[in-house]
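The next block is model_30.cif, given as mmCIF, C-alpha atoms and all ligand atoms.
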data_model
#
loop_
_atom_site.label_atom_id
_atom_site.label_comp_id
_atom_site.auth_asym_id
_atom_site.auth_seq_id
_atom_site.Cartn_x
_atom_site.Cartn_y
_atom_site.Cartn_z
CA MET Z 1 -76.77 64.14 -107.29
CA LYS Z 2 -74.25 61.55 -108.44
CA PHE Z 3 -75.39 58.08 -109.53
CA PHE Z 4 -73.36 55.06 -108.45
CA ILE Z 5 -74.35 51.50 -109.29
CA ASP Z 6 -74.54 48.94 -106.47
CA THR Z 7 -73.20 45.74 -108.01
CA ALA Z 8 -69.96 43.86 -108.68
CA ASN Z 9 -71.25 42.37 -111.93
CA LEU Z 10 -69.16 43.57 -114.86
CA ASP Z 11 -71.94 43.20 -117.45
CA GLU Z 12 -74.33 45.26 -115.33
CA ILE Z 13 -71.64 47.90 -114.81
CA ARG Z 14 -70.86 48.04 -118.56
CA GLU Z 15 -74.56 48.45 -119.33
CA ALA Z 16 -74.92 51.26 -116.78
CA GLN Z 17 -71.75 52.94 -118.04
CA ALA Z 18 -73.17 52.91 -121.58
CA MET Z 19 -76.12 55.02 -120.36
CA GLY Z 20 -73.65 57.87 -119.90
CA VAL Z 21 -74.80 58.96 -116.43
CA LEU Z 22 -72.75 56.71 -114.16
CA ASP Z 23 -70.43 58.36 -111.63
CA GLY Z 24 -69.11 55.39 -109.66
CA VAL Z 25 -69.63 51.88 -108.26
CA THR Z 26 -70.26 50.44 -104.81
CA THR Z 27 -69.66 46.80 -103.94
CA ASN Z 28 -69.97 44.82 -100.73
CA PRO Z 29 -69.00 41.27 -99.70
CA SER Z 30 -72.50 39.94 -100.48
CA LEU Z 31 -72.42 41.41 -104.00
CA MET Z 32 -68.86 40.11 -104.49
CA SER Z 33 -69.91 36.61 -103.45
CA GLN Z 34 -72.25 36.43 -106.47
CA GLU Z 35 -69.36 36.83 -108.95
CA GLU Z 36 -66.71 34.49 -110.39
CA GLY Z 37 -63.03 35.36 -109.94
CA GLU Z 38 -60.74 36.98 -107.40
CA PHE Z 39 -61.63 40.11 -105.43
CA GLU Z 40 -58.67 42.16 -106.66
CA ASP Z 41 -59.22 41.23 -110.32
CA ILE Z 42 -62.90 42.15 -110.15
CA ILE Z 43 -62.18 45.52 -108.52
CA ARG Z 44 -59.45 46.26 -111.09
CA ALA Z 45 -61.80 45.33 -113.93
CA ILE Z 46 -64.53 47.61 -112.55
CA CYS Z 47 -62.03 50.48 -112.39
CA GLY Z 48 -61.31 49.83 -116.07
CA ILE Z 49 -64.98 50.31 -116.99
CA VAL Z 50 -66.00 53.33 -114.89
CA ASP Z 51 -64.14 56.59 -114.51
CA GLY Z 52 -65.05 57.27 -110.88
CA PRO Z 53 -64.85 56.00 -107.30
CA VAL Z 54 -65.16 52.23 -106.78
CA SER Z 55 -65.92 51.07 -103.24
CA ALA Z 56 -64.11 47.93 -102.08
CA GLU Z 57 -65.08 46.70 -98.61
CA VAL Z 58 -62.83 45.26 -95.90
CA VAL Z 59 -63.88 42.03 -94.15
CA SER Z 60 -61.60 42.21 -91.12
CA THR Z 61 -63.34 43.23 -87.90
CA ASP Z 62 -60.39 44.46 -85.79
CA THR Z 63 -58.79 47.87 -86.28
CA GLU Z 64 -55.33 46.63 -87.29
CA GLY Z 65 -56.77 44.11 -89.73
CA MET Z 66 -59.07 46.73 -91.27
CA ILE Z 67 -56.21 49.18 -91.71
CA ALA Z 68 -53.97 46.57 -93.34
CA GLU Z 69 -56.80 45.47 -95.64
CA ALA Z 70 -57.70 49.08 -96.44
CA ARG Z 71 -54.12 49.72 -97.55
CA ARG Z 72 -54.18 46.60 -99.76
CA ASN Z 73 -57.54 47.57 -101.30
CA ALA Z 74 -56.45 51.17 -101.90
CA ALA Z 75 -53.31 49.90 -103.65
CA ILE Z 76 -55.37 47.95 -106.22
CA HIS Z 77 -56.23 51.12 -108.16
CA GLU Z 78 -56.28 54.88 -107.59
CA GLN Z 79 -60.08 54.89 -108.03
CA VAL Z 80 -60.63 52.59 -105.05
CA VAL Z 81 -62.48 53.95 -102.04
CA VAL Z 82 -62.22 51.63 -99.05
CA LYS Z 83 -65.48 50.64 -97.40
CA ILE Z 84 -65.34 50.23 -93.60
CA PRO Z 85 -68.27 49.43 -91.27
CA ILE Z 86 -69.13 51.91 -88.50
CA THR Z 87 -68.17 49.76 -85.52
CA PRO Z 88 -65.92 50.89 -82.61
CA ASP Z 89 -62.93 49.19 -84.27
CA GLY Z 90 -64.08 50.52 -87.63
CA LEU Z 91 -64.13 54.10 -86.36
CA LYS Z 92 -60.45 53.89 -85.39
CA ALA Z 93 -59.61 52.41 -88.79
CA ILE Z 94 -61.64 55.15 -90.55
CA LYS Z 95 -59.67 57.83 -88.69
CA ALA Z 96 -56.29 56.17 -89.38
CA CYS Z 97 -57.06 55.63 -93.08
CA SER Z 98 -58.45 59.14 -93.58
CA ASP Z 99 -55.39 60.63 -91.87
CA ASP Z 100 -53.27 58.55 -94.28
CA GLY Z 101 -55.08 59.98 -97.30
CA ILE Z 102 -57.07 56.81 -98.04
CA ARG Z 103 -60.65 57.68 -99.03
CA VAL Z 104 -63.21 55.85 -96.90
CA ASN Z 105 -66.86 55.02 -97.53
CA VAL Z 106 -68.35 54.29 -94.11
CA THR Z 107 -70.92 51.54 -94.42
CA LEU Z 108 -73.76 49.98 -92.41
CA CYS Z 109 -74.90 53.37 -91.10
CA PHE Z 110 -78.33 53.28 -89.45
CA SER Z 111 -78.25 56.35 -87.18
CA ALA Z 112 -77.42 60.05 -87.25
CA ASN Z 113 -74.88 59.65 -84.45
CA GLN Z 114 -73.00 57.02 -86.46
CA ALA Z 115 -72.91 59.48 -89.37
CA LEU Z 116 -71.67 62.26 -87.08
CA MET Z 117 -68.87 60.04 -85.75
CA ALA Z 118 -67.88 59.00 -89.28
CA ALA Z 119 -67.65 62.63 -90.41
CA LYS Z 120 -65.57 63.58 -87.38
CA ALA Z 121 -63.21 60.70 -88.22
CA GLY Z 122 -62.72 62.15 -91.71
CA ALA Z 123 -64.86 59.83 -93.85
CA THR Z 124 -65.19 60.74 -97.53
CA TYR Z 125 -68.65 59.11 -97.78
CA ILE Z 126 -71.29 57.96 -95.31
CA SER Z 127 -73.64 55.20 -96.49
CA PRO Z 128 -76.98 55.18 -94.65
CA PHE Z 129 -78.99 52.06 -95.58
CA ILE Z 130 -82.47 53.33 -96.42
CA GLY Z 131 -84.29 50.17 -97.52
CA ARG Z 132 -83.14 48.11 -94.54
CA LEU Z 133 -84.55 50.76 -92.15
CA ASP Z 134 -87.82 50.82 -94.12
CA ASP Z 135 -87.91 47.01 -93.80
CA LEU Z 136 -88.02 47.47 -90.01
CA GLY Z 137 -90.94 49.88 -90.28
CA GLN Z 138 -88.73 52.96 -89.78
CA ASP Z 139 -88.39 55.90 -92.17
CA GLY Z 140 -85.04 55.49 -93.90
CA MET Z 141 -85.36 58.74 -95.81
CA GLU Z 142 -85.74 60.69 -92.57
CA LEU Z 143 -82.19 59.57 -91.73
CA ILE Z 144 -80.87 61.07 -94.98
CA GLN Z 145 -82.61 64.38 -94.17
CA THR Z 146 -81.22 64.40 -90.62
CA ILE Z 147 -77.66 63.64 -91.69
CA ARG Z 148 -77.85 66.31 -94.43
CA GLN Z 149 -78.94 68.87 -91.82
CA ILE Z 150 -76.21 67.90 -89.35
CA TYR Z 151 -73.45 67.97 -91.97
CA ASP Z 152 -74.65 71.36 -93.25
CA ASN Z 153 -74.85 72.76 -89.69
CA TYR Z 154 -71.14 72.11 -89.17
CA GLY Z 155 -69.74 72.23 -92.68
CA PHE Z 156 -68.67 68.57 -92.76
CA GLU Z 157 -67.41 67.64 -96.23
CA THR Z 158 -68.34 63.95 -95.87
CA GLN Z 159 -70.66 63.11 -98.75
CA VAL Z 160 -74.04 61.51 -98.05
CA LEU Z 161 -74.19 58.34 -100.15
CA ALA Z 162 -77.73 56.94 -99.93
CA ALA Z 163 -77.56 53.13 -100.08
CA SER Z 164 -79.96 50.20 -99.91
CA LEU Z 165 -82.33 51.99 -102.29
CA ARG Z 166 -85.21 49.88 -103.56
CA SER Z 167 -87.30 52.05 -105.91
CA PRO Z 168 -87.36 55.07 -108.24
CA LYS Z 169 -89.36 56.90 -105.52
CA HIS Z 170 -86.38 56.47 -103.19
CA VAL Z 171 -84.19 58.17 -105.82
CA VAL Z 172 -86.46 61.24 -106.06
CA GLU Z 173 -86.66 61.47 -102.28
CA CYS Z 174 -82.86 61.29 -102.00
CA ALA Z 175 -82.51 64.12 -104.50
CA LEU Z 176 -85.06 66.23 -102.59
CA ALA Z 177 -83.26 65.51 -99.32
CA GLY Z 178 -79.95 66.68 -100.79
CA ALA Z 179 -78.05 63.38 -100.84
CA ASP Z 180 -74.72 63.81 -102.63
CA VAL Z 181 -74.83 60.32 -104.14
CA ALA Z 182 -77.45 57.61 -104.66
CA THR Z 183 -76.11 54.11 -105.23
CA LEU Z 184 -78.67 52.20 -107.27
CA PRO Z 185 -79.25 48.50 -107.79
CA PRO Z 186 -79.22 47.84 -111.57
CA ASP Z 187 -82.98 47.21 -111.72
CA VAL Z 188 -83.74 50.57 -110.08
CA LEU Z 189 -81.36 52.39 -112.44
CA GLY Z 190 -83.16 50.74 -115.36
CA LYS Z 191 -86.56 51.91 -114.08
CA LEU Z 192 -85.65 55.60 -113.79
CA LEU Z 193 -86.56 56.43 -117.40
CA ALA Z 194 -89.66 54.26 -117.62
CA HIS Z 195 -93.11 55.86 -117.86
CA PRO Z 196 -96.14 54.36 -119.64
CA LEU Z 197 -97.27 57.80 -120.88
CA THR Z 198 -93.91 58.23 -122.64
CA ASP Z 199 -94.46 54.93 -124.49
CA ILE Z 200 -98.10 55.69 -125.31
CA GLY Z 201 -97.25 59.25 -126.37
CA LEU Z 202 -94.43 58.11 -128.66
CA GLU Z 203 -96.64 55.47 -130.28
CA ARG Z 204 -99.36 58.09 -130.94
CA PHE Z 205 -96.85 60.59 -132.42
CA LEU Z 206 -95.45 57.93 -134.77
CA ASN Z 207 -98.90 56.68 -135.83
CA ASP Z 208 -100.04 60.23 -136.64
CA TRP Z 209 -96.81 60.85 -138.57
CA ARG Z 210 -97.22 57.66 -140.62
CA ALA Z 211 -100.89 58.48 -141.38
CA TRP Z 212 -99.88 61.97 -142.55
CA GLN Z 213 -97.12 60.60 -144.77
CA ALA Z 214 -99.54 58.05 -146.26
CA THR Z 215 -101.87 60.85 -147.43
CA LYS Z 216 -98.96 62.45 -149.34
CA ASN Z 217 -97.97 59.20 -151.03
CA SER Z 218 -101.47 58.13 -152.11
CA ASP Z 219 -102.33 58.36 -155.85
CA PRO Z 220 -104.03 61.63 -156.92
CA VAL Z 221 -107.81 61.32 -157.35
CA VAL Z 222 -108.79 61.27 -161.07
CA VAL Z 223 -112.03 63.16 -161.75
O1 LIG W 1 -74.18 48.23 -100.82
C1 LIG W 1 -74.90 48.51 -99.68
C2 LIG W 1 -76.39 48.52 -99.86
O2 LIG W 1 -76.76 49.28 -100.99
C3 LIG W 1 -77.07 47.19 -99.75
O3 LIG W 1 -78.42 47.23 -100.13
O4 LIG W 1 -80.48 46.05 -100.79
O5 LIG W 1 -78.68 44.78 -99.58
O6 LIG W 1 -80.08 46.47 -98.39
P1 LIG W 1 -79.46 46.07 -99.69
#

What does this structure look like when you write it as structure tokens?
Amino acid sequence: MKFFIDTANLDEIREAQAMGVLDGVTTNPSLMSQEEGEFEDIIRAICGIVDGPVSAEVVSTDTEGMIAEARRNAAIHEQVVVKIPITPDGLKAIKACSDDGIRVNVTLCFSANQALMAAKAGATYISPFIGRLDDLGQDGMELIQTIRQIYDNYGFETQVLAASLRSPKHVVECALAGADVATLPPDVLGKLLAHPLTDIGLERFLNDWRAWQATKNSDPVVV
């Protein structure tokens, strides 16, 4: 499973990149709105940090506007994947962009039928929003499992990009469900390695080692 980071913050992206396990970046208009600077400059800077796909979302809502914006976003850098919402206008834009060779990450997916439509339109990625479904009392992970099954049934190459993840447990469940990509908020990425027994175990190993070394360095007993 690939790991993307879900942020537009350059410091957070640099930190994640330094971990050595980062495969790409997803952004959205809400994440962008938290940053200083111009959209194009931020996307270009992200592409300079990470060697992988960088999702840049359109904000137009009509097909023609989305297509024009998608072309502009794709021209920013070869790593850019254009993010388009799965609306009726969006579907037409997804099809037109995919036919044109522009890679599309289809966003705001909350149902299996939306994912099926996106795949038929040629999407490169589908982004089901797990946490937001959980927030409504539904089972977001069940949607990942269902989409995986449908795509496998028909050999769709659209990659399942699990989004709106809120916890390390979500990450494990995505991996078990066969998601191709998990896009992680920085705090969730940071928590993946953490385990109290690792910390306690390391402390005990080092204490035992120091105690052993101290016995070697102590003065010999004079009889
Ligand atoms: O980038 C899309 C998605 O990951 C948003 O997550 O936490 O705003 O539901 P969230």

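Candidate residues Z:Gly137, Z:Pro186, Z:Gly178, Z:Gly37 were compared for distance to ligand LIG 1 (chain W), and the nearest is Z:Pro186, using all atoms listed in the file.
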
Residues within 12 Å of ligand LIG 1 (chain W), counting all atoms listed in the file, as a VMD selection string
chain Z and resid 4 to 8 25 to 32 54 to 57 83 to 85 105 to 110 126 to 136 140 161 to 167 181 to 188

Restricting the calculation to all atoms listed in the file: of Z:Gly155, Z:Met19, Z:Ile42, Z:Gly90, which residue gets closest to Z:Val59?
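Closest to Z:Val59, using all atoms listed in the file: Z:Gly90.
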
Can you work out the spacing between atom CA of Z:Gly48 and atom CA of Z:Asp180 in Å, to one decimal?
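Computing the Euclidean distance for atom CA of Z:Gly48 and atom CA of Z:Asp180 yields 23.6 Å.
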
Atomic distance atom CA of Z:Ile67 - atom CA of Z:Ala93, expressed in Å with one decimal:
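Between these atoms lies a distance of 5.5 Å.
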
So, with all atoms listed in the file as the atoms that count, which of Z:Ile86, Z:Ile94, Z:Ala70, Z:Ala112 lies closest to Z:Gln145?
Z:Ala112

As AutoDock Vina command-line options: centre and edge lengths in Å, one decimal, of the axis-aligned box holding stretch 117-132 of chain Z with 5 Å per side:
--center_x -73.5 --center_y 55.8 --center_z -91.8 --size_x 31.6 --size_y 25.5 --size_z 22.0

Need the shell around Z:Thr146: protein/DNA/RNA residues with any atom at most 10 Å away, counting all atoms listed in the file. Skip same-chain ones fewer than 6 positions apart. Format as a list in words?
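In the requested form, the answer reads Ser111, Ala112, Ala115, Asp152 and Ala177 of chain Z.
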
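Taking atom CA of Z:Pro168 as the reference point, atom CA of Z:Ile200 is found at 20.2 Å.
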
List as a PDB file with C-alpha atoms, keeping the file's coordinate frame the protein and nucleic acid residues near Z:Lys92, meaning an atom at most 9 Å away when all atoms listed in the file are counted, but skip any in the same chain fewer than 3 places from it.
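So the final result, stored in result-v4.pdb, reads:
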ATOM      1  CA  THR Z  63     -58.790  47.870 -86.280  1.00  0.00           C
ATOM      2  CA  ILE Z  67     -56.210  49.180 -91.710  1.00  0.00           C
ATOM      3  CA  THR Z  87     -68.170  49.760 -85.520  1.00  0.00           C
ATOM      4  CA  PRO Z  88     -65.920  50.890 -82.610  1.00  0.00           C
ATOM      5  CA  ASP Z  89     -62.930  49.190 -84.270  1.00  0.00           C
ATOM      6  CA  LYS Z  95     -59.670  57.830 -88.690  1.00  0.00           C
ATOM      7  CA  ALA Z  96     -56.290  56.170 -89.380  1.00  0.00           C
ATOM      8  CA  CYS Z  97     -57.060  55.630 -93.080  1.00  0.00           C
ATOM      9  CA  ALA Z 121     -63.210  60.700 -88.220  1.00  0.00           C
TER      10      ALA Z 121
END
